[in-house]
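These notes concern the structure reproduced below.
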Amino acid sequence: MDFLKDLSEEQLSAVLEVDNPLLILAGAGSGKTRVITYKIAYLISQKYAKPENIVALTFTNKAAGEMKNRIKKLILPEDAEKVWAGTFHGFGLYLLKTYGKRFGFPSNFVIYDEDAQEEVIKEILKDIARDDDYNSKDIKDKISRLKDKLITPEDFQSMISNNFDEIVLEIYRKYENYLRKNNAVDFSDLLIYSIKLLQENSALKGYIQDKLEYVLVDEYQDTNRAQYELFKILVEEKKKFSVVGDDDQSIYSWRGADYQNIFRLEKDFKNLKIIFLTKNFRSTQQILDIANALIVNNDKRYPKKLWSDIKNGNHPILFRAINEEDEANFVVRQIKIELLKGKNLSEIAVLYRTNRQSRVFEEAFIRSNLPYKVIGGISFFDRKEVKDLVAYLNILYDPNDIISLKRIINVPKRGIGEVTYNLIKEYYNKGYSLLEAVKEVSKIKKEVKSFLDIWSYLLEIKDKINIEKLIETIIDKTGYMKEIEKYDRDTLEAKKENLLELIEFSRKFSENNDLGEFLSHLTLSSSKIEDSLESDKISLITLHSVKGLEFDVVFLVGLEEGILPHYNATTREEIEEERRLCYVGITRAKEKLYMSYASKRYNRYQEPSRFVEEISHLLNVKK
């Protein structure tokens, strides 16, 4: 048991508690993964549980693999291998495959992944002639969220509030029928049918509950309703469990996570013991003071205060930028200073709330020859709506650009398929100009005539208006905005923001109105000028993608009302999640934290975020 000496006092108390159901509230950087792995090793070494009767539930198979590898370093590797460590869905699959057949559940079912789910929904949309009206991915995501909350089509019928919900209900019913007919399940079903299997078969439930001697859950704040219900069934008899999570880092409600599961534990398990892990092993105390001062403004949380032994850190800096370009230039200047002091690019990250914000930093880094990578997202210049609009501009600048024509001749959808495009290509290859080829095919295909009219109009006016107005006209005349309105709210808003950002980007070229120069600049911006083998790069990351990562130097940018907190956050609960998102960003920083907001962004005056006001007394302000 020498390995227990590696633990702090707080961590040790969490590992040694085996008599009561346990909630471990592990603050950012407090070593929660260490606690969960050491606890498993402790349970086995002290014979509180046999390794084969321990279940450790995680959210990714990678995390489960890392957990097992850590345990192997503490106890006999063969014992570590016997522990069941995996995802909730993996455990659901295990239950259905091992016990389902005895109770009438077919053993030869197939599992549809997300791509297969979307294909089924695409087919259903085609069958009801609504494939042009709705986006299959958004409907798939909505159905998955409903199933994660254990909401059936019958339940959902009474919850409908708009046209999108109406179509989701229709598709949901047909989708469920399709799965049953084809002996298939999706990921959500692995939990739903496992819960049903145990609820409807008391003998099996008793056997499983008796077999499991201890259950552990990592990242508990990210569980959804179905995961909680399965977990509750597994542990309700013996009440031997430890869950590790942090209510202050619950930021995924939009994908089904329900942080209320943390508070449900106290209601459902009367003798629940709560242990706080508040010592942070990552950040300086100066950074933690900022985090503490921010998160204390949330009402719905367990009070905790992070602290660190690293007391001699730098005071976080707040920069008041004139506009977004000024903000990006500040970040570039500070990064260059950090590099001169010996920092590597890979130790530096820029964090932002929305994908749209990456554009100005990408451009600034390219201009300054600073290699970067966009993590958990797509580079601004590679986003579909940006590439679509650029393709329209390309065929106005060069009317013989057949590659760009192919991209957008059916965007938005006009009923122009591969056969029609190949006919245009045949005329083009015979020596017709591309415009002439389109004119020829338009004589026999009315859908092409619709495209030709738009193209001809845009060619006629392109030199009479500036680039900004030209992009706005393309969006208007093509009906592009209607095309993206088939997406769900969040995706729609993101796409709208990217279009607005492209318009904003074009403003600097509107004075000389040189379309060629604008397109050349776009091409240079979108090209990967850095060596593709170069791993030492600055990280550009949205706040939702940065959880679990840490960096020596962090720039948290765009701290303005309407950005962070986001303008879609209107209720108190939504604002509190936005504050948790900001908290996650702050606690990624190990040594230095820079925060910034712009007085003017997207050509509009901005108010500093309310979060800035909550922590401004602890910040070193720069202008």
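All residue names refer to the structure tokens as shown: chains lettered A, B, ... in order, residues numbered from 1 in each chain, ligands numbered from 1 in order.
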
Residues within 12 Å of Leu389 of chain A, only C-alpha atoms, excluding chain neighbours under 4 positions, as a PyMOL selection string: chain A and resi 381-385+393-396+404-405+407-409+411-412+467-468+470-476+478-481+495+498-503+506+519+522

Check segment 26-133 of chain A with DSSP on the backbone and list each residue it calls alpha helix (DSSP H), as a ChimeraX atom specification. /A:32-45,61-72,77-82,88-99,114-127

So that I can see what lies close to segment 321-323 of chain A, please list as a list in words the residues with an atom at most 12 Å from it, counting only C-alpha atoms and leaving out residues fewer than 4 positions away in the same chain.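 These residues fall inside the cut-off: Glu327, Ala328, Asn329, Phe330, Val331, Val360, Val557, Gly558, Leu559, Glu560, Met595, Ser596, Tyr597, Ala598, Ser599, Lys600, Arg601, Tyr602, Asn603, Arg604, Tyr605, Gln606, Glu607, Pro608, Val621, Lys622 and Lys623 of chain A.
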
Now that the selection is made, can you save its residues with C-alpha atoms as a JSON list (two decimals), in the first residue's frame?
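Contents of the output file part12.json:
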[["chain", "number", "residue", "atom", "x", "y", "z"],
["A", 327, "GLU", "CA", -7.41, 42.30, -29.64],
["A", 328, "ALA", "CA", -5.76, 39.89, -32.09],
["A", 329, "ASN", "CA", -2.69, 42.13, -32.42],
["A", 330, "PHE", "CA", -2.38, 42.25, -28.62],
["A", 331, "VAL", "CA", -2.45, 38.44, -28.49],
["A", 360, "VAL", "CA", -9.34, 37.29, -36.88],
["A", 557, "VAL", "CA", -10.78, 36.47, -25.53],
["A", 558, "GLY", "CA", -14.10, 38.08, -26.43],
["A", 559, "LEU", "CA", -15.34, 38.73, -22.90],
["A", 560, "GLU", "CA", -18.35, 40.78, -23.96],
["A", 595, "MET", "CA", -8.28, 38.06, -20.67],
["A", 596, "SER", "CA", -9.62, 40.57, -23.19],
["A", 597, "TYR", "CA", -12.68, 42.30, -24.55],
["A", 598, "ALA", "CA", -13.23, 44.76, -27.39],
["A", 599, "SER", "CA", -15.06, 48.07, -27.14],
["A", 600, "LYS", "CA", -16.21, 47.56, -30.71],
["A", 601, "ARG", "CA", -16.67, 44.22, -32.49],
["A", 602, "TYR", "CA", -18.28, 43.40, -35.83],
["A", 603, "ASN", "CA", -18.68, 47.17, -36.29],
["A", 604, "ARG", "CA", -20.90, 47.41, -33.20],
["A", 605, "TYR", "CA", -20.15, 48.89, -29.80],
["A", 606, "GLN", "CA", -19.87, 46.20, -27.11],
["A", 607, "GLU", "CA", -20.45, 46.09, -23.38],
["A", 608, "PRO", "CA", -17.87, 44.21, -21.27],
["A", 621, "VAL", "CA", -5.87, 46.10, -16.47],
["A", 622, "LYS", "CA", -4.11, 47.12, -19.70],
["A", 623, "LYS", "CA", -5.40, 49.37, -22.47]]

Using only C-alpha atoms, which residues sit within 12 Å of Tyr193 of chain A once same-chain residues fewer than 5 positions away are excluded, as a PyMOL selection string? chain A and resi 89+91-97+99-100+103-106+147-148+150+184-188+198-201+226-227+229-230

Export N, CA, C and O atoms of the chosen residues as a compact mmCIF listing (two decimals), in the first residue's frame?
# COMPACT_ATOMS: atom_id res chain seq x y z
N HIS A 89 -22.40 3.20 -22.46
CA HIS A 89 -22.97 2.48 -23.59
C HIS A 89 -22.35 1.10 -23.75
O HIS A 89 -23.04 0.14 -24.09
N PHE A 91 -21.25 -0.73 -21.29
CA PHE A 91 -21.81 -1.58 -20.25
C PHE A 91 -23.24 -2.00 -20.61
O PHE A 91 -23.64 -3.15 -20.38
N GLY A 92 -23.98 -1.07 -21.23
CA GLY A 92 -25.32 -1.44 -21.71
C GLY A 92 -25.25 -2.54 -22.73
O GLY A 92 -26.06 -3.49 -22.70
N LEU A 93 -24.29 -2.46 -23.65
CA LEU A 93 -24.11 -3.50 -24.65
C LEU A 93 -23.77 -4.84 -24.00
O LEU A 93 -24.31 -5.89 -24.38
N TYR A 94 -22.90 -4.79 -22.99
CA TYR A 94 -22.54 -6.01 -22.25
C TYR A 94 -23.78 -6.67 -21.64
O TYR A 94 -23.98 -7.88 -21.74
N LEU A 95 -24.65 -5.87 -21.01
CA LEU A 95 -25.85 -6.43 -20.39
C LEU A 95 -26.77 -7.06 -21.43
O LEU A 95 -27.28 -8.18 -21.23
N LEU A 96 -26.98 -6.37 -22.54
CA LEU A 96 -27.90 -6.87 -23.56
C LEU A 96 -27.35 -8.12 -24.23
O LEU A 96 -28.10 -9.08 -24.50
N LYS A 97 -26.07 -8.15 -24.52
CA LYS A 97 -25.47 -9.31 -25.17
C LYS A 97 -25.39 -10.52 -24.23
O LYS A 97 -25.57 -11.67 -24.65
N TYR A 99 -27.23 -11.05 -21.25
CA TYR A 99 -28.46 -11.51 -20.58
C TYR A 99 -29.74 -11.29 -21.38
O TYR A 99 -30.77 -11.86 -21.05
N GLY A 100 -29.66 -10.48 -22.43
CA GLY A 100 -30.88 -10.11 -23.14
C GLY A 100 -31.64 -11.26 -23.74
O GLY A 100 -32.88 -11.31 -23.67
N PHE A 103 -34.36 -13.14 -21.92
CA PHE A 103 -35.59 -12.43 -21.62
C PHE A 103 -36.26 -11.87 -22.89
O PHE A 103 -36.94 -10.86 -22.86
N GLY A 104 -35.95 -12.52 -24.00
CA GLY A 104 -36.65 -12.19 -25.22
C GLY A 104 -36.02 -11.10 -26.07
O GLY A 104 -36.57 -10.72 -27.10
N PHE A 105 -34.86 -10.59 -25.66
CA PHE A 105 -34.19 -9.56 -26.46
C PHE A 105 -33.25 -10.26 -27.44
O PHE A 105 -32.40 -11.05 -27.02
N PRO A 106 -33.38 -10.02 -28.74
CA PRO A 106 -32.57 -10.74 -29.72
C PRO A 106 -31.07 -10.50 -29.52
O PRO A 106 -30.65 -9.40 -29.22
N LYS A 147 -34.09 10.69 -26.56
CA LYS A 147 -33.90 9.33 -26.05
C LYS A 147 -32.99 9.32 -24.82
O LYS A 147 -33.21 8.55 -23.88
N ASP A 148 -32.00 10.21 -24.80
CA ASP A 148 -31.12 10.31 -23.63
C ASP A 148 -31.88 10.76 -22.39
O ASP A 148 -31.47 10.48 -21.26
N LEU A 150 -34.93 9.78 -21.93
CA LEU A 150 -35.95 8.73 -21.81
C LEU A 150 -37.33 9.24 -22.23
O LEU A 150 -38.36 8.81 -21.68
N ALA A 184 -32.35 -3.52 -35.25
CA ALA A 184 -31.23 -2.61 -35.01
C ALA A 184 -31.49 -1.75 -33.76
O ALA A 184 -32.63 -1.53 -33.36
N VAL A 185 -30.39 -1.29 -33.16
CA VAL A 185 -30.46 -0.33 -32.06
C VAL A 185 -29.44 0.77 -32.31
O VAL A 185 -28.48 0.58 -33.05
N ASP A 186 -29.68 1.93 -31.72
CA ASP A 186 -28.67 2.98 -31.77
C ASP A 186 -28.00 3.09 -30.40
O ASP A 186 -28.32 2.34 -29.48
N PHE A 187 -27.07 4.03 -30.25
CA PHE A 187 -26.33 4.15 -28.99
C PHE A 187 -27.26 4.42 -27.81
O PHE A 187 -27.09 3.84 -26.73
N SER A 188 -28.24 5.28 -28.00
CA SER A 188 -29.16 5.59 -26.90
C SER A 188 -29.93 4.35 -26.47
O SER A 188 -30.22 4.15 -25.29
N LEU A 198 -33.56 -4.56 -16.94
CA LEU A 198 -33.41 -4.71 -15.49
C LEU A 198 -34.70 -4.38 -14.74
O LEU A 198 -35.06 -5.04 -13.76
N GLN A 199 -35.42 -3.37 -15.22
CA GLN A 199 -36.66 -2.98 -14.55
C GLN A 199 -37.74 -4.05 -14.66
O GLN A 199 -38.53 -4.26 -13.73
N GLU A 200 -37.76 -4.74 -15.79
CA GLU A 200 -38.84 -5.71 -16.05
C GLU A 200 -38.49 -7.12 -15.62
O GLU A 200 -39.34 -8.02 -15.70
N ASN A 201 -37.25 -7.34 -15.16
CA ASN A 201 -36.83 -8.69 -14.75
C ASN A 201 -36.16 -8.61 -13.39
O ASN A 201 -34.94 -8.40 -13.30
N ALA A 226 -30.65 9.09 -18.81
CA ALA A 226 -30.62 7.64 -19.01
C ALA A 226 -29.44 7.01 -18.28
O ALA A 226 -29.57 5.94 -17.64
N GLN A 227 -28.29 7.65 -18.34
CA GLN A 227 -27.11 7.12 -17.64
C GLN A 227 -27.32 7.10 -16.14
O GLN A 227 -26.93 6.15 -15.46
N GLU A 229 -30.21 6.85 -14.56
CA GLU A 229 -31.20 5.81 -14.21
C GLU A 229 -30.55 4.42 -14.23
O GLU A 229 -30.84 3.59 -13.36
N LEU A 230 -29.68 4.16 -15.19
CA LEU A 230 -28.99 2.87 -15.23
C LEU A 230 -28.07 2.73 -14.02
O LEU A 230 -28.06 1.70 -13.34

Of the listed residues A:Lys547, A:Arg489, A:Leu179, A:Leu190, that which approaches Lys142 of chain A most closely, counting only C-alpha atoms: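 Looking at the shortest contact to Lys142 of chain A, the residue is A:Arg489.
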
Measure the distance from atom CA of Asp218 of chain A to atom CA of Ile233 of chain A in Å and round it to one decimal. 17.4 Å

Interatomic distance between atom CA of Leu277 of chain A and atom CA of Tyr252 of chain A?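 If I compute the distance from atom CA of Leu277 of chain A to atom CA of Tyr252 of chain A, I get 21.8 Å.
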
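Between Asn182 of chain A and the residues A:Leu564, A:Asn108, A:Arg367, A:Arg225, the shortest atom-to-atom distance, using only C-alpha atoms, involves A:Asn108.
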
Out of A:Lys270, A:Lys211, A:Lys413, A:Lys72, which residue has the shortest atom-to-atom distance to Leu234 of chain A when counting only C-alpha atoms?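 Residue with the minimum atom-to-atom distance to Leu234 of chain A: A:Lys211.
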
Identify, on the basis of only C-alpha atoms, every residue whose closest approach to Arg70 of chain A does not exceed 12 Å; exclude the query and any residue fewer than 2 positions from it along the same chain; express the result as a ChimeraX atom specification. /A:3,33-41,63-68,72-77,80-81

Next, write the just-selected residues to a file, as an mmCIF file, in the first residue's frame, keeping C-alpha atoms as the atom set.
data_model
loop_
_atom_site.group_PDB
_atom_site.id
_atom_site.type_symbol
_atom_site.label_atom_id
_atom_site.label_comp_id
_atom_site.auth_asym_id
_atom_site.auth_seq_id
_atom_site.Cartn_x
_atom_site.Cartn_y
_atom_site.Cartn_z
ATOM 1 C CA PHE A 3 1.121 3.919 -3.358
ATOM 2 C CA THR A 33 -8.409 10.625 -12.249
ATOM 3 C CA ARG A 34 -5.694 9.764 -9.748
ATOM 4 C CA VAL A 35 -8.325 9.392 -7.013
ATOM 5 C CA ILE A 36 -10.528 7.063 -9.039
ATOM 6 C CA THR A 37 -7.640 4.818 -10.138
ATOM 7 C CA TYR A 38 -6.061 4.699 -6.673
ATOM 8 C CA LYS A 39 -9.437 3.883 -5.178
ATOM 9 C CA ILE A 40 -9.855 0.878 -7.473
ATOM 10 C CA ALA A 41 -6.356 -0.300 -6.555
ATOM 11 C CA ALA A 63 -10.241 7.235 -20.804
ATOM 12 C CA ALA A 64 -11.092 3.691 -19.715
ATOM 13 C CA GLY A 65 -7.864 2.390 -21.268
ATOM 14 C CA GLU A 66 -5.795 5.051 -19.528
ATOM 15 C CA MET A 67 -7.499 4.198 -16.253
ATOM 16 C CA LYS A 68 -6.568 0.516 -16.567
ATOM 17 C CA LYS A 72 -1.670 -1.773 -13.572
ATOM 18 C CA LYS A 73 1.175 0.324 -12.194
ATOM 19 C CA LEU A 74 -0.291 0.090 -8.687
ATOM 20 C CA ILE A 75 -1.358 -3.572 -8.378
ATOM 21 C CA LEU A 76 -0.957 -6.865 -10.223
ATOM 22 C CA PRO A 77 -1.636 -6.278 -13.941
ATOM 23 C CA ALA A 80 -6.321 -4.683 -13.175
ATOM 24 C CA GLU A 81 -7.371 -6.457 -16.377
#

Set the distance at 8 Å and use only C-alpha atoms: which residues neighbour Pro371 of chain A once local chain neighbours fewer than 6 positions away are removed? I'd like the list as a PDB file with C-alpha atoms, in the first residue's frame.
ATOM      1  CA  LEU A 345       3.977  27.453 -29.191  1.00  0.00           C
ATOM      2  CA  PHE A 365      -1.153  34.428 -36.915  1.00  0.00           C
ATOM      3  CA  GLU A 530       3.059  26.127 -41.884  1.00  0.00           C
ATOM      4  CA  ASP A 536       4.649  22.953 -32.112  1.00  0.00           C
ATOM      5  CA  LYS A 537       1.666  25.190 -32.804  1.00  0.00           C
ATOM      6  CA  ILE A 538      -0.567  27.609 -30.950  1.00  0.00           C
TER       7      ILE A 538
END

Top pick for closest residue to Leu212 of chain A, considering A:Ser242, A:Ser250, A:Ser283, A:Asn53 and counting only C-alpha atoms: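 Residue with the minimum atom-to-atom distance to Leu212 of chain A: A:Asn53.
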
Residues at most 9 Å from segment 572-575 of chain A, counting only C-alpha atoms, excluding those fewer than 5 positions away in the same chain, as a PyMOL selection string? chain A and resi 298+300+565-566+580

Give the answer as one residue: which of A:Glu418, A:Leu515, A:Ile484, A:Asn568 has the shortest atom-to-atom distance to Lys462 of chain A, using only C-alpha atoms?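 Counting only C-alpha atoms, the residue closest to Lys462 of chain A is A:Leu515.
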
Just give me the gap between atom CA of Asp155 of chain A and atom CA of Glu219 of chain A in Å, one decimal is fine.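 Distance reported for this atom pair: 28.8 Å.
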